[in-house]
Protein chains: 2
Amino acid sequence: MSEKGMLIVLSGPSGVGKGTVRQAMVKKYGQQFKYSISMTTRQPRAREVNGVDYYFVSKDEFEHEIANGGMLEYAQYVDNYYGTPLKYVNQMLDNGQDVLLEIEVKGAMQVRSKVSNGVFIFLAPPDLHSLQQRIEKRGTDDSETIKKRMIKAREEINLMTNYDYVVVNDKVDLAVQRIEQIIASEHLRVARVLSSYQKMLGDN
Amino acid sequence: MSEKGMLIVLSGPSGVGKGTVRQAMVKKYGQQFKYSISMTTRQPRAREVNGVDYYFVSKDEFEHEIANGGMLEYAQYVDNYYGTPLKYVNQMLDNGQDVLLEIEVKGAMQVRSKVSNGVFIFLAPPDLHSLQQRIEKRGTDDSETIKKRMIKAREEINLMTNYDYVVVNDKVDLAVQRIEQIIASEHLRVARVLSSYQKMLGDN
């Protein structure tokens with residue numbers, strides 16, 4: 001009576017801290033779900049490891065996967081591809097394991113259109129000001145790039161309506177706790193558990 | 001920027017332990033929501049207090065409220081009326097307070113038809129056998145009544161599809177914890193928080 005796993009999509013504006021929250025989730029609740037490692041054509045940053053943080057591939061390799069329908073979602077940001085290989089996600093879900101995706105908003109909308117029973121969580125900045133601070137602190141982008149990202153962020157926050165939940169990333173620990181509550185709660189949804197109850201009652 | 005409160009409806013088959021779970025909820029999280037006291041025409045059981053456990057009223061009084069549209073929901077069980085006075089619920093919701101209703105399944109369906117954004121939680125027995133044990137332990141009903149209740153329970157469990165969440169009452173503490181997770185999680189739903197985010201962004 002193994003149920004299919006649940007697809008949890010963590011997304012939100014660029015710079016909101018998706019990666020940090022995801023890492024904290026994996027550290028604290030890593031036994032309860034599988035993290036789906038994204039594929040990207042961008043260069044690894046310091047301390048990023050291939051096969052752990054991302055699958056780092058060439059542009060040709062990435063486009064080959066797209067052409068073969070091998071991507072659950074993908075998007076281009078600043079001339080690089082980012083995406084989720086479909087194969088591993090499906091394997092894990094079929095094994096009854098929950099799968100966590102941490103992806104950009106455009107990608108999340110692609111997943112939404114393909115996976116009707118996924119749980120879509122929008123990670124939100126406490127306000128746009130703090131978003132800007134975070135981007136500046138990261139120190140890897142010039143001011144023109146930051147300005148573009150701010151405009152993008154406003155657009156992306158308007159996309160919030162396409163998600164199921166909004167989690168403010170005011171503190172990483174609190175954000176992680178809220179996401180854990182959402183996951184626990186979603187496992188109690190009638191739509192997810194009804195068939196097992198019907199079987200149980202049939203056994204009496 | 002005070003948001004309206006959230007209506008939480010805790011329901012489930014007769015004998016599943018709704019009252020016990022509700023009491024534990026009020027004891028542990030009583031500061032976080034208001035419990036809506038039901039009105040009934042049945043006689044108080046030992047230790048039940050008017051205005052605490054129920055509003056105990058006469059049949060005439062109850063029917064007068066129904067006629068005046070004063071009941072959010074009501075039902076008849078074993079010749080007695082049980083119901084929720086509308087006035088207090090609306091007052092508490094308007095004040096931004098979450099309201100917990102603990103009601104029978106027929107009443108829950110009436111609320112569902114009137115309150116589209118309520119949170120409907122079905123408290124389920126681990127299995128029908130344990131439901132029977134619980135009813136027997138209570139020792140207030142004869143075997144014919146129990147038999148009727150078992151048939152009723154099967155019907156009611158089929159009603160599960162009309163709820164948002166299913167919480168198994170295997171242990172009261174665990175049931176309470178699950179309900180608390182559902183409430184916390186529901187407060188993060190996009191549909192509930194979007195307007196406050198839009199205001200926040202507009203302020204920047």
# chains A, B, ... in the order shown; residues from 1 in each chain; ligands from 1

$ residues_around --residues "A:Ala124" --least-positions-apart "6" --cutoff "6 Å" --atoms "only C-alpha atoms" --output "list in words"
Val167, Val168 and Asn169 of chain A

$ write_last_selection --atoms "C-alpha atoms" --output "PDB file, in the first residue's frame"
ATOM      1  CA  VAL A 167       6.799  31.480   3.605  1.00  0.00           C
ATOM      2  CA  VAL A 168       8.610  34.652   4.654  1.00  0.00           C
ATOM      3  CA  ASN A 169      12.346  34.140   4.929  1.00  0.00           C
TER       4      ASN A 169
END

$ calpha_fit_and_write --fixed "chain A" --moving "chain B" --output "JSON list (two decimals) with C-alpha atoms, in the first residue's frame"
[["chain", "number", "residue", "atom", "x", "y", "z"],
["B", 1, "MET", "CA", 0.08, -0.02, 0.19],
["B", 2, "SER", "CA", 2.92, 2.38, -0.62],
["B", 3, "GLU", "CA", 1.67, 5.80, -1.63],
["B", 4, "LYS", "CA", 3.41, 7.90, -4.25],
["B", 5, "GLY", "CA", 5.73, 10.54, -2.89],
["B", 6, "MET", "CA", 4.85, 14.22, -2.75],
["B", 7, "LEU", "CA", 6.56, 16.82, -4.91],
["B", 8, "ILE", "CA", 7.48, 19.93, -2.89],
["B", 9, "VAL", "CA", 8.50, 22.95, -4.94],
["B", 10, "LEU", "CA", 10.39, 25.69, -3.11],
["B", 11, "SER", "CA", 10.70, 28.82, -5.19],
["B", 12, "GLY", "CA", 10.80, 32.59, -4.94],
["B", 13, "PRO", "CA", 12.55, 35.70, -6.21],
["B", 14, "SER", "CA", 16.23, 35.69, -7.01],
["B", 15, "GLY", "CA", 18.24, 36.60, -3.90],
["B", 16, "VAL", "CA", 15.55, 35.68, -1.37],
["B", 17, "GLY", "CA", 17.67, 32.91, 0.10],
["B", 18, "LYS", "CA", 16.19, 29.79, -1.49],
["B", 19, "GLY", "CA", 19.54, 28.00, -1.46],
["B", 20, "THR", "CA", 20.20, 28.74, 2.21],
["B", 21, "VAL", "CA", 16.73, 27.59, 3.25],
["B", 22, "ARG", "CA", 17.02, 24.47, 1.12],
["B", 23, "GLN", "CA", 20.40, 23.61, 2.65],
["B", 24, "ALA", "CA", 18.96, 24.05, 6.16],
["B", 25, "MET", "CA", 15.98, 21.86, 5.19],
["B", 26, "VAL", "CA", 18.26, 19.11, 3.94],
["B", 27, "LYS", "CA", 20.41, 19.34, 7.08],
["B", 28, "LYS", "CA", 17.46, 19.21, 9.49],
["B", 29, "TYR", "CA", 14.94, 17.00, 7.67],
["B", 30, "GLY", "CA", 17.11, 15.28, 5.09],
["B", 31, "GLN", "CA", 15.84, 11.84, 6.10],
["B", 32, "GLN", "CA", 12.24, 12.76, 5.31],
["B", 33, "PHE", "CA", 12.63, 13.72, 1.66],
["B", 34, "LYS", "CA", 14.99, 13.60, -1.28],
["B", 35, "TYR", "CA", 16.44, 16.79, -2.64],
["B", 36, "SER", "CA", 16.41, 16.96, -6.41],
["B", 37, "ILE", "CA", 19.74, 18.29, -7.61],
["B", 38, "SER", "CA", 19.38, 20.81, -10.43],
["B", 39, "MET", "CA", 21.34, 20.83, -13.65],
["B", 40, "THR", "CA", 23.02, 24.04, -14.80],
["B", 41, "THR", "CA", 25.39, 25.38, -17.41],
["B", 42, "ARG", "CA", 26.72, 28.17, -15.16],
["B", 43, "GLN", "CA", 30.20, 27.99, -13.63],
["B", 44, "PRO", "CA", 30.47, 26.55, -10.10],
["B", 45, "ARG", "CA", 30.92, 29.17, -7.36],
["B", 46, "ALA", "CA", 33.50, 28.67, -4.61],
["B", 47, "ARG", "CA", 32.79, 25.53, -2.54],
["B", 48, "GLU", "CA", 30.09, 24.28, -4.95],
["B", 49, "VAL", "CA", 30.47, 20.60, -5.77],
["B", 50, "ASN", "CA", 29.29, 18.83, -8.93],
["B", 51, "GLY", "CA", 26.57, 16.29, -8.12],
["B", 52, "VAL", "CA", 25.94, 17.87, -4.72],
["B", 53, "ASP", "CA", 24.98, 21.49, -5.33],
["B", 54, "TYR", "CA", 24.27, 21.11, -9.04],
["B", 55, "TYR", "CA", 25.02, 18.89, -11.96],
["B", 56, "PHE", "CA", 27.33, 21.19, -13.90],
["B", 57, "VAL", "CA", 27.04, 20.47, -17.63],
["B", 58, "SER", "CA", 27.87, 22.14, -20.93],
["B", 59, "LYS", "CA", 25.35, 24.11, -22.96],
["B", 60, "ASP", "CA", 25.33, 21.37, -25.58],
["B", 61, "GLU", "CA", 24.58, 18.68, -23.02],
["B", 62, "PHE", "CA", 21.76, 20.74, -21.52],
["B", 63, "GLU", "CA", 20.14, 21.46, -24.88],
["B", 64, "HIS", "CA", 20.36, 17.78, -25.73],
["B", 65, "GLU", "CA", 18.33, 16.94, -22.60],
["B", 66, "ILE", "CA", 15.72, 19.59, -23.48],
["B", 67, "ALA", "CA", 15.39, 18.22, -27.00],
["B", 68, "ASN", "CA", 14.86, 14.70, -25.61],
["B", 69, "GLY", "CA", 12.09, 15.85, -23.21],
["B", 70, "GLY", "CA", 14.33, 15.01, -20.28],
["B", 71, "MET", "CA", 13.71, 18.19, -18.25],
["B", 72, "LEU", "CA", 10.79, 18.61, -15.81],
["B", 73, "GLU", "CA", 11.47, 22.34, -16.00],
["B", 74, "TYR", "CA", 14.23, 24.64, -17.15],
["B", 75, "ALA", "CA", 14.93, 28.32, -17.58],
["B", 76, "GLN", "CA", 17.62, 30.68, -18.74],
["B", 77, "TYR", "CA", 19.01, 33.28, -16.31],
["B", 78, "VAL", "CA", 21.87, 35.60, -17.25],
["B", 79, "ASP", "CA", 22.75, 33.40, -20.28],
["B", 80, "ASN", "CA", 22.85, 30.19, -18.29],
["B", 81, "TYR", "CA", 20.45, 27.26, -18.21],
["B", 82, "TYR", "CA", 19.07, 25.91, -14.93],
["B", 83, "GLY", "CA", 16.72, 22.94, -14.79],
["B", 84, "THR", "CA", 15.48, 19.74, -13.18],
["B", 85, "PRO", "CA", 16.15, 16.36, -14.79],
["B", 86, "LEU", "CA", 12.83, 14.48, -14.94],
["B", 87, "LYS", "CA", 14.13, 10.94, -14.58],
["B", 88, "TYR", "CA", 15.37, 11.03, -10.97],
["B", 89, "VAL", "CA", 12.33, 12.95, -9.74],
["B", 90, "ASN", "CA", 9.94, 10.34, -11.13],
["B", 91, "GLN", "CA", 12.00, 7.47, -9.72],
["B", 92, "MET", "CA", 11.94, 8.94, -6.21],
["B", 93, "LEU", "CA", 8.21, 9.77, -6.32],
["B", 94, "ASP", "CA", 7.40, 6.25, -7.56],
["B", 95, "ASN", "CA", 9.38, 4.88, -4.61],
["B", 96, "GLY", "CA", 7.05, 6.77, -2.27],
["B", 97, "GLN", "CA", 9.64, 9.38, -1.37],
["B", 98, "ASP", "CA", 8.88, 13.07, -1.08],
["B", 99, "VAL", "CA", 11.02, 15.16, -3.40],
["B", 100, "LEU", "CA", 12.11, 18.74, -2.75],
["B", 101, "LEU", "CA", 12.83, 21.02, -5.70],
["B", 102, "GLU", "CA", 14.45, 24.41, -5.15],
["B", 103, "ILE", "CA", 13.94, 26.30, -8.40],
["B", 104, "GLU", "CA", 13.37, 29.69, -9.99],
["B", 105, "VAL", "CA", 9.84, 31.01, -10.45],
["B", 106, "LYS", "CA", 9.67, 30.40, -14.20],
["B", 107, "GLY", "CA", 10.62, 26.79, -13.67],
["B", 108, "ALA", "CA", 8.09, 26.45, -10.84],
["B", 109, "MET", "CA", 5.32, 27.53, -13.21],
["B", 110, "GLN", "CA", 6.39, 24.85, -15.70],
["B", 111, "VAL", "CA", 6.20, 22.24, -12.94],
["B", 112, "ARG", "CA", 2.80, 23.55, -11.85],
["B", 113, "SER", "CA", 1.46, 22.97, -15.35],
["B", 114, "LYS", "CA", 2.75, 19.37, -15.32],
["B", 115, "VAL", "CA", 2.29, 18.20, -11.73],
["B", 116, "SER", "CA", -1.20, 19.01, -10.47],
["B", 117, "ASN", "CA", -0.77, 17.62, -6.95],
["B", 118, "GLY", "CA", 2.58, 19.22, -6.13],
["B", 119, "VAL", "CA", 2.97, 21.56, -3.16],
["B", 120, "PHE", "CA", 4.12, 24.97, -4.30],
["B", 121, "ILE", "CA", 5.82, 27.15, -1.71],
["B", 122, "PHE", "CA", 6.81, 30.74, -2.44],
["B", 123, "LEU", "CA", 9.71, 31.98, -0.32],
["B", 124, "ALA", "CA", 9.16, 35.70, 0.17],
["B", 125, "PRO", "CA", 11.51, 38.44, 1.35],
["B", 126, "PRO", "CA", 10.29, 40.36, 4.46],
["B", 127, "ASP", "CA", 10.23, 43.33, 2.10],
["B", 128, "LEU", "CA", 11.95, 44.51, -1.04],
["B", 129, "HIS", "CA", 14.49, 46.52, 0.95],
["B", 130, "SER", "CA", 15.86, 43.45, 2.68],
["B", 131, "LEU", "CA", 15.96, 41.69, -0.69],
["B", 132, "GLN", "CA", 18.24, 44.45, -1.98],
["B", 133, "GLN", "CA", 20.47, 44.22, 1.12],
["B", 134, "ARG", "CA", 20.87, 40.49, 0.64],
["B", 135, "ILE", "CA", 21.84, 40.85, -2.98],
["B", 136, "GLU", "CA", 24.37, 43.58, -2.09],
["B", 137, "LYS", "CA", 25.89, 41.48, 0.68],
["B", 138, "ARG", "CA", 26.47, 38.60, -1.67],
["B", 139, "GLY", "CA", 28.84, 40.94, -3.47],
["B", 140, "THR", "CA", 28.93, 39.03, -6.73],
["B", 141, "ASP", "CA", 26.80, 41.39, -8.82],
["B", 142, "ASP", "CA", 27.25, 44.99, -9.95],
["B", 143, "SER", "CA", 24.61, 47.68, -9.29],
["B", 144, "GLU", "CA", 23.08, 47.45, -12.75],
["B", 145, "THR", "CA", 22.46, 43.74, -12.25],
["B", 146, "ILE", "CA", 20.97, 44.45, -8.83],
["B", 147, "LYS", "CA", 18.61, 47.04, -10.30],
["B", 148, "LYS", "CA", 17.43, 44.54, -12.89],
["B", 149, "ARG", "CA", 16.91, 41.97, -10.19],
["B", 150, "MET", "CA", 14.80, 44.36, -8.13],
["B", 151, "ILE", "CA", 12.47, 44.94, -11.06],
["B", 152, "LYS", "CA", 12.38, 41.22, -11.63],
["B", 153, "ALA", "CA", 11.58, 40.63, -7.95],
["B", 154, "ARG", "CA", 8.49, 42.84, -8.10],
["B", 155, "GLU", "CA", 7.29, 40.90, -11.11],
["B", 156, "GLU", "CA", 8.02, 37.62, -9.39],
["B", 157, "ILE", "CA", 6.17, 38.60, -6.23],
["B", 158, "ASN", "CA", 3.14, 39.18, -8.41],
["B", 159, "LEU", "CA", 3.53, 35.54, -9.37],
["B", 160, "MET", "CA", 2.80, 34.60, -5.75],
["B", 161, "THR", "CA", -0.81, 33.98, -6.75],
["B", 162, "ASN", "CA", 0.32, 30.87, -8.62],
["B", 163, "TYR", "CA", 1.59, 29.21, -5.43],
["B", 164, "ASP", "CA", -0.14, 27.35, -2.62],
["B", 165, "TYR", "CA", 1.82, 28.81, 0.30],
["B", 166, "VAL", "CA", 3.92, 31.86, 1.14],
["B", 167, "VAL", "CA", 6.77, 31.50, 3.62],
["B", 168, "VAL", "CA", 8.58, 34.67, 4.67],
["B", 169, "ASN", "CA", 12.32, 34.15, 4.94],
["B", 170, "ASP", "CA", 12.81, 36.51, 7.88],
["B", 171, "LYS", "CA", 14.91, 33.92, 9.71],
["B", 172, "VAL", "CA", 16.15, 30.73, 8.10],
["B", 173, "ASP", "CA", 15.19, 28.59, 11.13],
["B", 174, "LEU", "CA", 11.66, 29.97, 11.12],
["B", 175, "ALA", "CA", 11.30, 29.53, 7.37],
["B", 176, "VAL", "CA", 12.45, 25.91, 7.68],
["B", 177, "GLN", "CA", 10.00, 25.30, 10.52],
["B", 178, "ARG", "CA", 7.11, 26.74, 8.48],
["B", 179, "ILE", "CA", 8.00, 24.61, 5.47],
["B", 180, "GLU", "CA", 8.14, 21.52, 7.67],
["B", 181, "GLN", "CA", 4.66, 22.35, 9.00],
["B", 182, "ILE", "CA", 3.36, 22.73, 5.46],
["B", 183, "ILE", "CA", 4.79, 19.35, 4.44],
["B", 184, "ALA", "CA", 3.37, 17.60, 7.51],
["B", 185, "SER", "CA", 0.01, 19.24, 6.97],
["B", 186, "GLU", "CA", -0.11, 18.41, 3.25],
["B", 187, "HIS", "CA", 0.37, 14.73, 4.12],
["B", 188, "LEU", "CA", -2.96, 14.93, 5.97],
["B", 189, "ARG", "CA", -4.89, 16.26, 2.97],
["B", 190, "VAL", "CA", -7.93, 14.16, 2.13],
["B", 191, "ALA", "CA", -6.94, 14.04, -1.53],
["B", 192, "ARG", "CA", -3.63, 12.38, -0.56],
["B", 193, "VAL", "CA", -4.82, 9.84, 2.01],
["B", 194, "LEU", "CA", -8.35, 8.89, 0.99],
["B", 195, "SER", "CA", -7.44, 5.75, -0.93],
["B", 196, "SER", "CA", -5.53, 4.24, 2.00],
["B", 197, "TYR", "CA", -8.50, 4.91, 4.30],
["B", 198, "GLN", "CA", -10.86, 3.28, 1.88],
["B", 199, "LYS", "CA", -8.61, 0.21, 1.80],
["B", 200, "MET", "CA", -8.42, 0.12, 5.62],
["B", 201, "LEU", "CA", -12.18, 0.22, 5.97],
["B", 202, "GLY", "CA", -12.60, -2.38, 3.28],
["B", 203, "ASP", "CA", -10.41, -4.74, 5.33],
["B", 204, "ASN", "CA", -12.77, -4.75, 8.29]]

$ select_by_dssp --residues "stretch 7-195 of chain A" --states "alpha helix (DSSP H)" --output "PyMOL selection string"
chain A and resi 18-29+59-67+86-94+105-114+128-138+143-158+172-186+190-195

$ select_by_dssp --residues "stretch 3-180 of chain B" --states "strand (DSSP E or B)" --output "PyMOL selection string"
chain B and resi 7-11+33-35+38-40+50+54-56+71-77+80-85+98-102+119-124+165-168

$ decode --residues "stretch 90-125 of chain B" --atoms "N, CA and C atoms" --output "PDB file, in the first residue's frame"
ATOM      1  N   ASN B  90     -19.297  35.011  14.023  1.00  0.00           N
ATOM      2  CA  ASN B  90     -19.015  36.158  13.156  1.00  0.00           C
ATOM      3  C   ASN B  90     -18.275  37.272  13.892  1.00  0.00           C
ATOM      4  N   GLN B  91     -18.677  37.522  15.128  1.00  0.00           N
ATOM      5  CA  GLN B  91     -17.993  38.553  15.923  1.00  0.00           C
ATOM      6  C   GLN B  91     -16.512  38.234  16.075  1.00  0.00           C
ATOM      7  N   MET B  92     -16.210  36.990  16.425  1.00  0.00           N
ATOM      8  CA  MET B  92     -14.816  36.598  16.659  1.00  0.00           C
ATOM      9  C   MET B  92     -14.003  36.653  15.368  1.00  0.00           C
ATOM     10  N   LEU B  93     -14.582  36.166  14.263  1.00  0.00           N
ATOM     11  CA  LEU B  93     -13.877  36.199  12.970  1.00  0.00           C
ATOM     12  C   LEU B  93     -13.596  37.641  12.548  1.00  0.00           C
ATOM     13  N   ASP B  94     -14.593  38.517  12.728  1.00  0.00           N
ATOM     14  CA  ASP B  94     -14.421  39.925  12.361  1.00  0.00           C
ATOM     15  C   ASP B  94     -13.324  40.589  13.189  1.00  0.00           C
ATOM     16  N   ASN B  95     -13.148  40.118  14.411  1.00  0.00           N
ATOM     17  CA  ASN B  95     -12.078  40.635  15.276  1.00  0.00           C
ATOM     18  C   ASN B  95     -10.707  40.063  14.931  1.00  0.00           C
ATOM     19  N   GLY B  96     -10.656  39.242  13.881  1.00  0.00           N
ATOM     20  CA  GLY B  96      -9.369  38.677  13.467  1.00  0.00           C
ATOM     21  C   GLY B  96      -8.965  37.447  14.254  1.00  0.00           C
ATOM     22  N   GLN B  97      -9.903  36.880  15.004  1.00  0.00           N
ATOM     23  CA  GLN B  97      -9.578  35.698  15.805  1.00  0.00           C
ATOM     24  C   GLN B  97      -9.978  34.419  15.075  1.00  0.00           C
ATOM     25  N   ASP B  98      -9.108  33.433  15.154  1.00  0.00           N
ATOM     26  CA  ASP B  98      -9.476  32.116  14.629  1.00  0.00           C
ATOM     27  C   ASP B  98     -10.531  31.516  15.538  1.00  0.00           C
ATOM     28  N   VAL B  99     -11.463  30.785  14.926  1.00  0.00           N
ATOM     29  CA  VAL B  99     -12.546  30.166  15.689  1.00  0.00           C
ATOM     30  C   VAL B  99     -12.548  28.664  15.425  1.00  0.00           C
ATOM     31  N   LEU B 100     -12.579  27.894  16.510  1.00  0.00           N
ATOM     32  CA  LEU B 100     -12.649  26.436  16.389  1.00  0.00           C
ATOM     33  C   LEU B 100     -14.068  25.959  16.651  1.00  0.00           C
ATOM     34  N   LEU B 101     -14.628  25.231  15.699  1.00  0.00           N
ATOM     35  CA  LEU B 101     -15.915  24.554  15.900  1.00  0.00           C
ATOM     36  C   LEU B 101     -15.649  23.066  16.044  1.00  0.00           C
ATOM     37  N   GLU B 102     -16.305  22.435  17.001  1.00  0.00           N
ATOM     38  CA  GLU B 102     -16.251  20.969  17.097  1.00  0.00           C
ATOM     39  C   GLU B 102     -17.685  20.492  16.915  1.00  0.00           C
ATOM     40  N   ILE B 103     -17.982  19.934  15.755  1.00  0.00           N
ATOM     41  CA  ILE B 103     -19.373  19.640  15.416  1.00  0.00           C
ATOM     42  C   ILE B 103     -19.528  18.298  14.701  1.00  0.00           C
ATOM     43  N   GLU B 104     -20.754  17.837  14.619  1.00  0.00           N
ATOM     44  CA  GLU B 104     -21.083  16.594  13.926  1.00  0.00           C
ATOM     45  C   GLU B 104     -20.942  16.782  12.412  1.00  0.00           C
ATOM     46  N   VAL B 105     -20.859  15.669  11.702  1.00  0.00           N
ATOM     47  CA  VAL B 105     -20.590  15.745  10.261  1.00  0.00           C
ATOM     48  C   VAL B 105     -21.688  16.449   9.463  1.00  0.00           C
ATOM     49  N   LYS B 106     -22.945  16.240   9.861  1.00  0.00           N
ATOM     50  CA  LYS B 106     -24.018  16.907   9.112  1.00  0.00           C
ATOM     51  C   LYS B 106     -23.902  18.415   9.240  1.00  0.00           C
ATOM     52  N   GLY B 107     -23.596  18.855  10.454  1.00  0.00           N
ATOM     53  CA  GLY B 107     -23.412  20.280  10.690  1.00  0.00           C
ATOM     54  C   GLY B 107     -22.224  20.823   9.916  1.00  0.00           C
ATOM     55  N   ALA B 108     -21.134  20.030   9.868  1.00  0.00           N
ATOM     56  CA  ALA B 108     -19.934  20.467   9.153  1.00  0.00           C
ATOM     57  C   ALA B 108     -20.246  20.727   7.682  1.00  0.00           C
ATOM     58  N   MET B 109     -21.107  19.874   7.108  1.00  0.00           N
ATOM     59  CA  MET B 109     -21.453  20.048   5.696  1.00  0.00           C
ATOM     60  C   MET B 109     -22.280  21.321   5.483  1.00  0.00           C
ATOM     61  N   GLN B 110     -23.106  21.665   6.474  1.00  0.00           N
ATOM     62  CA  GLN B 110     -23.843  22.934   6.380  1.00  0.00           C
ATOM     63  C   GLN B 110     -22.883  24.119   6.412  1.00  0.00           C
ATOM     64  N   VAL B 111     -21.877  24.039   7.289  1.00  0.00           N
ATOM     65  CA  VAL B 111     -20.889  25.121   7.373  1.00  0.00           C
ATOM     66  C   VAL B 111     -20.108  25.212   6.072  1.00  0.00           C
ATOM     67  N   ARG B 112     -19.731  24.065   5.541  1.00  0.00           N
ATOM     68  CA  ARG B 112     -18.971  24.026   4.276  1.00  0.00           C
ATOM     69  C   ARG B 112     -19.715  24.787   3.177  1.00  0.00           C
ATOM     70  N   SER B 113     -21.033  24.613   3.146  1.00  0.00           N
ATOM     71  CA  SER B 113     -21.818  25.253   2.086  1.00  0.00           C
ATOM     72  C   SER B 113     -21.924  26.769   2.297  1.00  0.00           C
ATOM     73  N   LYS B 114     -21.653  27.218   3.535  1.00  0.00           N
ATOM     74  CA  LYS B 114     -21.794  28.652   3.835  1.00  0.00           C
ATOM     75  C   LYS B 114     -20.463  29.388   3.937  1.00  0.00           C
ATOM     76  N   VAL B 115     -19.421  28.683   4.367  1.00  0.00           N
ATOM     77  CA  VAL B 115     -18.119  29.332   4.597  1.00  0.00           C
ATOM     78  C   VAL B 115     -17.085  28.672   3.682  1.00  0.00           C
ATOM     79  N   SER B 116     -16.800  29.347   2.568  1.00  0.00           N
ATOM     80  CA  SER B 116     -15.965  28.719   1.539  1.00  0.00           C
ATOM     81  C   SER B 116     -14.498  28.614   1.962  1.00  0.00           C
ATOM     82  N   ASN B 117     -14.037  29.538   2.798  1.00  0.00           N
ATOM     83  CA  ASN B 117     -12.611  29.525   3.155  1.00  0.00           C
ATOM     84  C   ASN B 117     -12.339  28.956   4.554  1.00  0.00           C
ATOM     85  N   GLY B 118     -13.269  28.165   5.072  1.00  0.00           N
ATOM     86  CA  GLY B 118     -13.020  27.475   6.332  1.00  0.00           C
ATOM     87  C   GLY B 118     -12.037  26.333   6.138  1.00  0.00           C
ATOM     88  N   VAL B 119     -11.482  25.840   7.246  1.00  0.00           N
ATOM     89  CA  VAL B 119     -10.577  24.698   7.206  1.00  0.00           C
ATOM     90  C   VAL B 119     -11.303  23.521   7.831  1.00  0.00           C
ATOM     91  N   PHE B 120     -11.538  22.494   7.036  1.00  0.00           N
ATOM     92  CA  PHE B 120     -12.378  21.385   7.471  1.00  0.00           C
ATOM     93  C   PHE B 120     -11.536  20.157   7.767  1.00  0.00           C
ATOM     94  N   ILE B 121     -11.521  19.782   9.046  1.00  0.00           N
ATOM     95  CA  ILE B 121     -10.678  18.684   9.512  1.00  0.00           C
ATOM     96  C   ILE B 121     -11.555  17.516   9.966  1.00  0.00           C
ATOM     97  N   PHE B 122     -11.307  16.363   9.376  1.00  0.00           N
ATOM     98  CA  PHE B 122     -12.055  15.152   9.717  1.00  0.00           C
ATOM     99  C   PHE B 122     -11.230  14.330  10.698  1.00  0.00           C
ATOM    100  N   LEU B 123     -11.745  14.144  11.898  1.00  0.00           N
ATOM    101  CA  LEU B 123     -11.066  13.320  12.896  1.00  0.00           C
ATOM    102  C   LEU B 123     -11.492  11.872  12.670  1.00  0.00           C
ATOM    103  N   ALA B 124     -10.527  11.021  12.363  1.00  0.00           N
ATOM    104  CA  ALA B 124     -10.840   9.645  11.976  1.00  0.00           C
ATOM    105  C   ALA B 124     -10.392   8.657  13.040  1.00  0.00           C
ATOM    106  N   PRO B 125     -11.164   7.595  13.253  1.00  0.00           N
ATOM    107  CA  PRO B 125     -10.728   6.525  14.146  1.00  0.00           C
ATOM    108  C   PRO B 125      -9.621   5.730  13.453  1.00  0.00           C
TER     109      PRO B 125
END
